[in-house]
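Data from protein00.txt: compact mmCIF, C-alpha atoms
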# COMPACT_ATOMS: atom_id res chain seq x y z
CA MET X 1 77.31 90.82 124.83
CA LYS X 2 76.66 93.22 121.93
CA LYS X 3 76.28 96.03 124.44
CA TYR X 4 79.62 95.12 126.00
CA LEU X 5 81.42 94.97 122.66
CA ALA X 6 80.18 98.42 121.73
CA VAL X 7 81.30 99.91 125.05
CA PHE X 8 84.65 98.15 125.04
CA SER X 9 85.38 99.06 121.41
CA ALA X 10 84.60 102.69 122.16
CA MET X 11 86.87 102.58 125.20
CA LEU X 12 89.77 101.16 123.22
CA LEU X 13 89.24 103.72 120.48
CA PHE X 14 89.24 106.49 123.08
CA PHE X 15 92.45 105.38 124.75
CA SER X 16 94.17 104.64 121.44
CA SER X 17 93.38 108.05 120.00
CA ALA X 18 94.24 109.77 123.27
CA LEU X 19 97.71 108.23 123.38
CA MET X 20 99.38 107.29 120.13
CA ALA X 21 102.25 104.82 120.01
CA SER X 22 105.64 106.12 121.03
CA ALA X 23 107.40 103.27 119.27
CA GLU X 24 108.52 103.86 115.71
CA PHE X 25 106.34 101.18 114.12
CA LYS X 26 102.94 101.76 112.58
CA ASP X 27 101.83 98.18 113.29
CA VAL X 28 102.68 98.29 117.02
CA ARG X 29 100.25 100.65 118.71
CA ASN X 30 100.04 101.24 122.44
CA THR X 31 97.25 98.63 122.56
CA HIS X 32 99.64 95.85 121.52
CA TRP X 33 100.45 93.39 124.31
CA ALA X 34 104.22 93.68 123.67
CA PHE X 35 104.26 97.46 123.17
CA ASP X 36 106.30 98.24 126.31
CA GLU X 37 109.02 95.72 125.58
CA ILE X 38 109.29 96.57 121.87
CA THR X 39 109.45 100.27 122.71
CA TYR X 40 112.16 99.65 125.31
CA LEU X 41 114.33 97.71 122.86
CA THR X 42 113.71 100.27 120.12
CA ASP X 43 114.70 103.16 122.38
CA ASN X 44 117.88 101.29 123.27
CA LYS X 45 118.67 100.70 119.59
CA VAL X 46 118.52 96.92 119.89
CA ILE X 47 115.60 96.36 117.53
CA ASN X 48 115.00 97.81 114.11
CA GLY X 49 111.91 97.55 111.99
CA TYR X 50 111.51 97.32 108.24
CA THR X 51 111.96 100.10 105.70
CA ASP X 52 108.18 100.42 105.32
CA GLY X 53 107.88 101.53 108.95
CA THR X 54 106.51 98.21 110.25
CA PHE X 55 107.77 95.84 112.92
CA ARG X 56 105.72 92.81 111.82
CA PRO X 57 105.22 91.47 115.36
CA GLN X 58 103.52 88.22 114.27
CA GLU X 59 106.25 87.27 111.80
CA ASP X 60 108.51 84.36 112.80
CA LEU X 61 111.98 85.41 113.93
CA THR X 62 114.85 83.71 112.11
CA ARG X 63 117.93 82.27 113.76
CA VAL X 64 120.23 84.92 112.32
CA GLN X 65 117.88 87.71 113.44
CA ALA X 66 117.76 86.30 116.99
CA MET X 67 121.54 85.99 117.14
CA THR X 68 121.98 89.54 115.87
CA LEU X 69 119.61 90.90 118.51
CA MET X 70 121.35 88.88 121.21
CA ALA X 71 124.76 90.24 120.25
CA LYS X 72 123.38 93.77 120.28
CA VAL X 73 121.60 93.58 123.63
CA LEU X 74 124.68 92.03 125.28
CA LYS X 75 126.94 94.52 123.48
CA LEU X 76 129.29 91.74 122.48
CA ASN X 77 132.66 92.69 121.01
CA LEU X 78 132.44 91.79 117.32
CA SER X 79 136.14 92.04 116.57
CA ASN X 80 138.56 89.14 116.04
CA ARG X 81 136.05 86.37 116.63
CA PRO X 82 136.98 82.95 115.22
CA ASN X 83 135.09 81.73 112.17
CA PRO X 84 132.29 79.44 113.45
CA GLY X 85 132.73 77.29 110.33
CA PHE X 86 129.22 77.37 108.92
CA LYS X 87 129.01 76.65 105.20
CA ASP X 88 125.87 78.75 104.77
CA ILE X 89 127.05 81.97 106.46
CA THR X 90 130.41 83.25 105.26
CA PRO X 91 132.37 86.37 106.33
CA SER X 92 130.72 88.27 103.46
CA HIS X 93 127.29 87.85 105.06
CA GLY X 94 125.89 91.05 106.61
CA SER X 95 125.28 89.36 109.98
CA TYR X 96 128.43 87.24 110.04
CA LYS X 97 130.14 89.21 112.83
CA TYR X 98 127.09 88.90 115.09
CA VAL X 99 126.83 85.15 114.47
CA ALA X 100 130.57 84.66 115.06
CA ALA X 101 130.37 86.53 118.39
CA VAL X 102 127.35 84.58 119.60
CA MET X 103 128.91 81.25 118.64
CA ASP X 104 132.24 82.18 120.26
CA GLU X 105 130.40 82.97 123.49
CA GLY X 106 128.77 79.53 123.39
CA LEU X 107 125.23 80.89 123.27
CA PHE X 108 124.02 78.75 120.37
CA PRO X 109 124.76 75.02 119.99
CA LYS X 110 126.58 73.95 116.84
CA LYS X 111 125.05 70.69 115.71
CA SER X 112 126.27 70.66 112.11
CA HIS X 113 128.23 72.65 109.56
CA TYR X 114 125.04 74.46 108.59
CA LEU X 115 123.40 77.17 110.67
CA ASP X 116 120.24 77.39 108.55
CA PRO X 117 120.24 81.14 109.28
CA TYR X 118 116.77 81.78 107.91
CA LYS X 119 115.13 78.90 109.73
CA PRO X 120 112.62 80.06 112.40
CA MET X 121 114.06 80.36 115.90
CA THR X 122 112.37 77.91 118.25
CA ARG X 123 111.46 78.48 121.88
CA SER X 124 113.98 75.88 123.10
CA TYR X 125 116.90 77.47 121.24
CA MET X 126 115.74 80.88 122.46
CA ALA X 127 115.66 79.66 126.07
CA ASN X 128 119.16 78.23 125.75
CA MET X 129 120.53 81.48 124.33
CA LEU X 130 118.87 83.74 126.91
CA ALA X 131 119.76 81.58 129.92
CA LYS X 132 123.43 81.38 128.93
CA GLY X 133 123.70 84.95 127.71
CA PHE X 134 122.29 86.47 130.88
CA GLY X 135 123.66 83.87 133.31
CA LEU X 136 120.21 82.79 134.50
CA LYS X 137 120.12 79.98 137.05
CA ALA X 138 117.43 77.34 137.39
CA SER X 139 115.73 76.81 140.75
CA GLY X 140 112.43 75.67 142.20
CA THR X 141 110.18 72.99 140.79
CA TYR X 142 108.91 74.56 137.58
CA VAL X 143 107.53 71.84 135.34
CA PHE X 144 106.07 72.02 131.84
CA LYS X 145 104.09 69.03 130.62
CA ASP X 146 105.97 68.88 127.31
CA VAL X 147 109.52 69.43 128.62
CA SER X 148 111.00 66.41 130.40
CA SER X 149 114.15 66.51 132.48
CA LYS X 150 115.88 64.73 129.59
CA HIS X 151 115.19 67.54 127.11
CA TRP X 152 118.45 69.11 125.91
CA ALA X 153 117.22 72.62 126.89
CA TYR X 154 115.50 71.57 130.13
CA GLN X 155 117.77 73.56 132.47
CA SER X 156 117.57 76.67 130.28
CA ILE X 157 113.78 76.53 130.05
CA LYS X 158 113.58 75.97 133.80
CA ALA X 159 115.89 78.97 134.31
CA LEU X 160 113.52 81.24 132.37
CA ALA X 161 110.60 80.05 134.48
CA SER X 162 112.60 80.40 137.72
CA ASN X 163 113.35 84.03 136.89
CA ASN X 164 109.76 84.91 135.94
CA ILE X 165 110.67 85.39 132.29
CA THR X 166 108.30 82.75 130.97
CA LEU X 167 105.01 81.42 132.28
CA GLY X 168 104.36 78.95 129.52
CA TYR X 169 100.89 78.51 128.12
CA LYS X 170 97.59 78.12 129.96
CA ASP X 171 97.55 74.40 129.24
CA GLY X 172 100.78 73.92 131.20
CA THR X 173 103.03 73.53 128.16
CA PHE X 174 106.10 75.43 126.99
CA ARG X 175 106.01 74.26 123.34
CA PRO X 176 109.79 74.04 122.91
CA ASN X 177 109.64 73.31 119.19
CA ALA X 178 107.28 76.16 118.32
CA ALA X 179 108.65 79.10 116.35
CA VAL X 180 109.14 82.41 118.16
CA THR X 181 107.52 85.50 116.70
CA ARG X 182 109.27 88.86 116.63
CA ALA X 183 106.97 90.22 119.36
CA GLN X 184 107.47 87.16 121.57
CA PHE X 185 111.25 87.32 121.29
CA ALA X 186 111.23 91.06 122.03
CA THR X 187 109.26 90.34 125.20
CA PHE X 188 111.59 87.55 126.34
CA LEU X 189 114.66 89.64 125.54
CA ALA X 190 113.40 92.68 127.44
CA LYS X 191 112.49 90.53 130.46
CA ALA X 192 115.91 88.91 130.49
CA LYS X 193 117.63 92.29 130.24
CA GLU X 194 115.47 94.35 132.60
CA LYS X 195 113.82 92.98 135.75
CA GLN X 196 111.10 95.64 135.58
CA PHE X 197 109.52 93.64 132.74
CA ARG X 198 109.57 90.34 134.61
CA THR X 199 106.43 89.32 136.44
CA PHE X 200 105.28 88.71 139.99
CA PRO X 201 102.24 86.59 140.92
CA TYR X 202 99.19 87.96 142.66
CA TYR X 203 97.03 85.32 144.33
CA SER X 204 93.43 86.06 145.24
CA GLN X 205 92.10 83.81 147.99
CA LYS X 206 88.67 85.41 147.92
CA LEU X 207 88.18 85.11 144.17
CA VAL X 208 90.42 82.05 143.77
CA TYR X 209 92.63 82.97 140.82
CA LYS X 210 96.24 83.81 140.02
CA ILE X 211 97.44 86.66 137.83
CA GLN X 212 100.94 87.62 136.73
CA LEU X 213 101.78 91.33 136.70
CA PRO X 214 104.96 93.07 135.48
CA ASN X 215 107.33 94.26 138.20
CA TYR X 216 107.03 97.91 137.20
CA MET X 217 103.42 97.85 138.42
CA LYS X 218 104.32 97.02 142.04
CA ASN X 219 104.54 100.62 143.19
CA LYS X 220 102.08 102.04 140.70
CA ILE X 221 98.87 100.18 141.48
CA THR X 222 96.76 99.32 144.51
CA ILE X 223 94.74 96.11 144.63
CA LYS X 224 91.59 95.86 146.74
CA GLU X 225 89.19 92.96 147.20
CA ARG X 226 85.66 93.03 148.54
CA LYS X 227 82.40 91.15 148.65
CA VAL X 228 79.77 92.98 146.59
CA LYS X 229 76.90 90.81 147.81
CA ASP X 230 76.29 87.15 148.48
CA TYR X 231 78.07 85.08 145.82
CA VAL X 232 79.50 88.14 144.06
CA TYR X 233 83.10 89.26 144.65
CA THR X 234 85.44 91.73 143.01
CA THR X 235 89.11 92.60 142.78
CA GLU X 236 89.61 96.27 141.94
CA PHE X 237 92.82 97.74 140.56
CA PHE X 238 93.68 101.40 141.06
CA TYR X 239 96.44 103.49 139.52
CA LYS X 240 98.34 105.58 142.07
CA ASP X 241 98.59 109.07 140.59
CA THR X 242 101.64 110.83 142.03
CA THR X 243 101.95 114.12 140.18
CA ASN X 244 98.52 115.32 139.15
CA LYS X 245 95.33 114.27 140.90
CA LYS X 246 97.27 112.63 143.74
CA LYS X 247 94.71 109.94 144.35
CA GLU X 248 93.87 106.37 143.35
CA LEU X 249 92.19 106.10 139.95
CA PHE X 250 90.13 103.07 138.89
CA ILE X 251 91.89 101.14 136.16
CA GLY X 252 90.10 97.80 136.04
CA SER X 253 88.40 95.01 137.97
CA ILE X 254 87.83 91.27 138.00
CA ARG X 255 84.41 90.03 139.09
CA LYS X 256 83.49 86.56 140.30
CA ILE X 257 79.76 85.89 140.00
CA HIS X 258 77.88 82.74 140.96
CA LYS X 259 75.74 81.29 138.18
CA SER X 260 72.60 81.92 140.26
CA LYS X 261 73.35 85.67 140.16
CA MET X 262 74.08 85.85 136.45
CA PRO X 263 70.55 87.05 135.44
CA GLU X 264 71.15 90.22 137.47
CA TYR X 265 74.18 91.06 135.34
CA LYS X 266 72.71 90.30 131.93
CA GLY X 267 73.82 93.00 129.49
CA ALA X 268 76.45 94.43 131.84
CA PRO X 269 79.58 95.81 130.10
CA PHE X 270 81.79 92.97 131.32
CA ASP X 271 84.35 91.01 129.35
CA PRO X 272 84.03 87.25 130.08
CA LEU X 273 87.29 85.68 131.25
CA LYS X 274 86.57 82.10 132.29
CA ILE X 275 84.15 79.78 134.05
CA LYS X 276 85.39 77.79 137.03
CA GLY X 277 82.92 75.50 138.77
CA ASP X 278 79.73 77.44 139.48
CA TYR X 279 81.39 80.84 139.08
CA HIS X 280 81.79 83.12 136.07
CA TYR X 281 84.73 85.54 135.91
CA PHE X 282 84.60 88.89 134.14
CA TYR X 283 86.80 91.90 133.46
CA GLN X 284 85.64 95.51 133.52
CA GLY X 285 87.72 98.57 132.67
CA PRO X 286 87.15 102.35 132.83
CA THR X 287 84.94 103.85 130.13
CA GLU X 288 87.23 106.84 129.67
CA SER X 289 90.52 108.26 130.87
CA PRO X 290 90.32 110.22 134.14
CA TYR X 291 92.61 112.75 132.47
CA ILE X 292 90.07 113.76 129.84
CA MET X 293 89.23 116.92 131.79
CA ASN X 294 91.34 120.07 131.56
CA GLY X 295 93.14 118.89 128.43
CA GLN X 296 95.60 116.63 130.27
CA LEU X 297 95.48 113.61 127.98
CA ASN X 298 99.03 114.21 126.80
CA SER X 299 100.50 114.72 130.27
CA PRO X 300 103.16 112.24 131.50
CA GLU X 301 100.78 110.94 134.14
CA ALA X 302 98.01 110.34 131.59
CA LYS X 303 100.43 108.43 129.37
CA GLU X 304 101.55 106.31 132.31
CA PHE X 305 97.92 105.59 133.19
CA SER X 306 97.27 104.45 129.63
CA LYS X 307 100.39 102.26 129.63
CA ILE X 308 99.34 100.53 132.86
CA TYR X 309 95.76 100.17 131.63
CA PHE X 310 96.67 98.34 128.42
CA LYS X 311 99.21 96.05 130.09
CA LEU X 312 96.84 95.21 132.96
CA ASN X 313 94.08 94.49 130.46
CA HIS X 314 96.33 92.01 128.68
CA MET X 315 97.56 90.30 131.86
CA ILE X 316 94.03 89.93 133.25
CA LYS X 317 93.05 88.06 130.10
CA GLY X 318 95.59 85.41 131.14
CA ILE X 319 94.30 84.73 134.67
CA GLN X 320 94.43 81.12 135.82
Now, as a test, write the supplied structure out as structure tokens.
Amino acid sequence: MKKYLAVFSAMLLFFSSALMASAEFKDVRNTHWAFDEITYLTDNKVINGYTDGTFRPQEDLTRVQAMTLMAKVLKLNLSNRPNPGFKDITPSHGSYKYVAAVMDEGLFPKKSHYLDPYKPMTRSYMANMLAKGFGLKASGTYVFKDVSSKHWAYQSIKALASNNITLGYKDGTFRPNAAVTRAQFATFLAKAKEKQFRTFPYYSQKLVYKIQLPNYMKNKITIKERKVKDYVYTTEFFYKDTTNKKKELFIGSIRKIHKSKMPEYKGAPFDPLKIKGDYHYFYQGPTESPYIMNGQLNSPEAKEFSKIYFKLNHMIKGIQ
């Protein structure tokens, strides 16, 4: 394991130094799991950071911040909106116009005369706002263990799942009352706005697992499965280079190894994923960028490779 950690740390350091973050925040590097979505919203002037140059991705998002972002991404008309009648957010408040527009559109339920603008936004309120704001329809039989059909936001939560905007947690829950962080909301918002960020499932019959991948990967990667030897199988992911090397480049793999074969792989640079029955699952990535030669690390294709690599790495960690 120590050998793996050293190799993997070196690999991350290599990729991170080879491709610095294009977002404007010093605490959201290209290694961050929500980097793509935050960058997209930043480039489209929906999200702003703090004056110290940070985004603070793990900080809870407040209700008034969520409503402001929603009004911006939907480009709501802020003029001549009726006063929503909250006692704790008057027309003199800096975000009043955004709140008034969101309330007038019926995107946030009014349950009292107080908005509690600085109260953390919860996942159920977020689901309600996104489903209504983007006209998302519920379909299928998506079920979360902690969201009954009687829950006030049931249809909205189901709509997010139906449209591949949320997967819930590994334990089968949605956690409707949990607070939403700034990074989480940015991800949900980008997925609701742009289908390229939504996910599609890849099922492996040979390795028996399911993984969710963002839509923008569909035409950029190739997935191959093979039997390495008895009781050892692998899924290999390749990046399809279109402008430079014009060939498939290894970008990561998932290995399924029977417990009886584990001694053969002791000390291998694999990242453990899970254990299911008698099989151990591992992840392995490239040790360096294929664009390191000829000074091409800053080429558009190299940057795209790095983007796919980091996102794939994150999604593989969530295999079921």
Q: Would you mind reading off the distance between CA of Lys150 in chain X and CA of Asn128 in chain X, one decimal, in Å?
A: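 Between CA of Lys150 in chain X and CA of Asn128 in chain X the gap is 14.4 Å.
The residue set within 8 Å of Lys193 in chain X, counting all atoms listed in the file and dropping same-chain residues fewer than 4 places from it, reads Val73, Phe134 and Leu189 of chain X.
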Kindly assemble as CSV a list of the range 176-206 of chain X residues that lie within 12 Å of range 234-243 of chain X, each paired with its nearest atom pair and their distance in Å to one decimal, using all atoms listed in the file, sorted first by chain and then by ascending residue number.
residue,atom,partner,partner_atom,distance
X:Tyr202,CA,X:Thr235,CA,11.1
X:Tyr203,CA,X:Thr235,CA,10.9
X:Ser204,CA,X:Thr235,CA,8.2
X:Gln205,CA,X:Thr235,CA,10.6
X:Lys206,CA,X:Thr234,CA,8.6
Write out the residues from the selection above, keeping C-alpha atoms, as a PDB file, in the frame of the given file.
ATOM      1  CA  TYR X 202      99.190  87.960 142.660  1.00  0.00           C
ATOM      2  CA  TYR X 203      97.030  85.320 144.330  1.00  0.00           C
ATOM      3  CA  SER X 204      93.430  86.060 145.240  1.00  0.00           C
ATOM      4  CA  GLN X 205      92.100  83.810 147.990  1.00  0.00           C
ATOM      5  CA  LYS X 206      88.670  85.410 147.920  1.00  0.00           C
TER       6      LYS X 206
END
Contacts between range 295-306 of chain X and range 22-132 of chain X, please, where a residue of range 22-132 of chain X counts if it comes within 12 Å (with only C-alpha atoms); show its shortest atom pair and distance in Å to one decimal, rows by chain and ascending number, as CSV.
residue,atom,partner,partner_atom,distance
X:Ser22,CA,X:Lys303,CA,10.1
X:Arg29,CA,X:Ser306,CA,11.9
X:Asn30,CA,X:Ser306,CA,8.3
X:Thr31,CA,X:Ser306,CA,9.2
X:Phe35,CA,X:Ser306,CA,11.8
X:Asp36,CA,X:Glu304,CA,11.1
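Of the residues listed (X:Ser289, X:Ser253, X:Thr122, X:Asn313), X:Asn313 shows the shortest atom-to-atom separation from Leu213 in chain X; distances use all atoms listed in the file.
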Q: Between X:His113, X:Met67, X:Ser156, X:Ala161, single out the one closest to Gly85 in chain X, counting all atoms listed in the file.
A: X:His113
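Among the candidates X:Met217, X:Ala159, X:Leu74, X:Met315, the residue lying nearest to Ala34 in chain X is X:Met315 (atoms considered: only C-alpha atoms).
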(Q) Report, in Å to a single decimal, how far apart CA of Leu249 in chain X and CA of Val232 in chain X are. (A) 22.4 Å
Padding 4 Å on each side, edges along x, y and z: where is the centre of the box around the listed atoms of range 147-165 of chain X, and how long are its edges in Å to one decimal? Output it as AutoDock Vina command-line options.
--center_x 114.0 --center_y 75.1 --center_z 131.8 --size_x 16.9 --size_y 28.7 --size_z 19.8
Q | Separation of CA of Ile165 in chain X from CA of Thr199 in chain X, in Å and rounded to one decimal | A |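 If I compute the distance from CA of Ile165 in chain X to CA of Thr199 in chain X, I get 7.1 Å.
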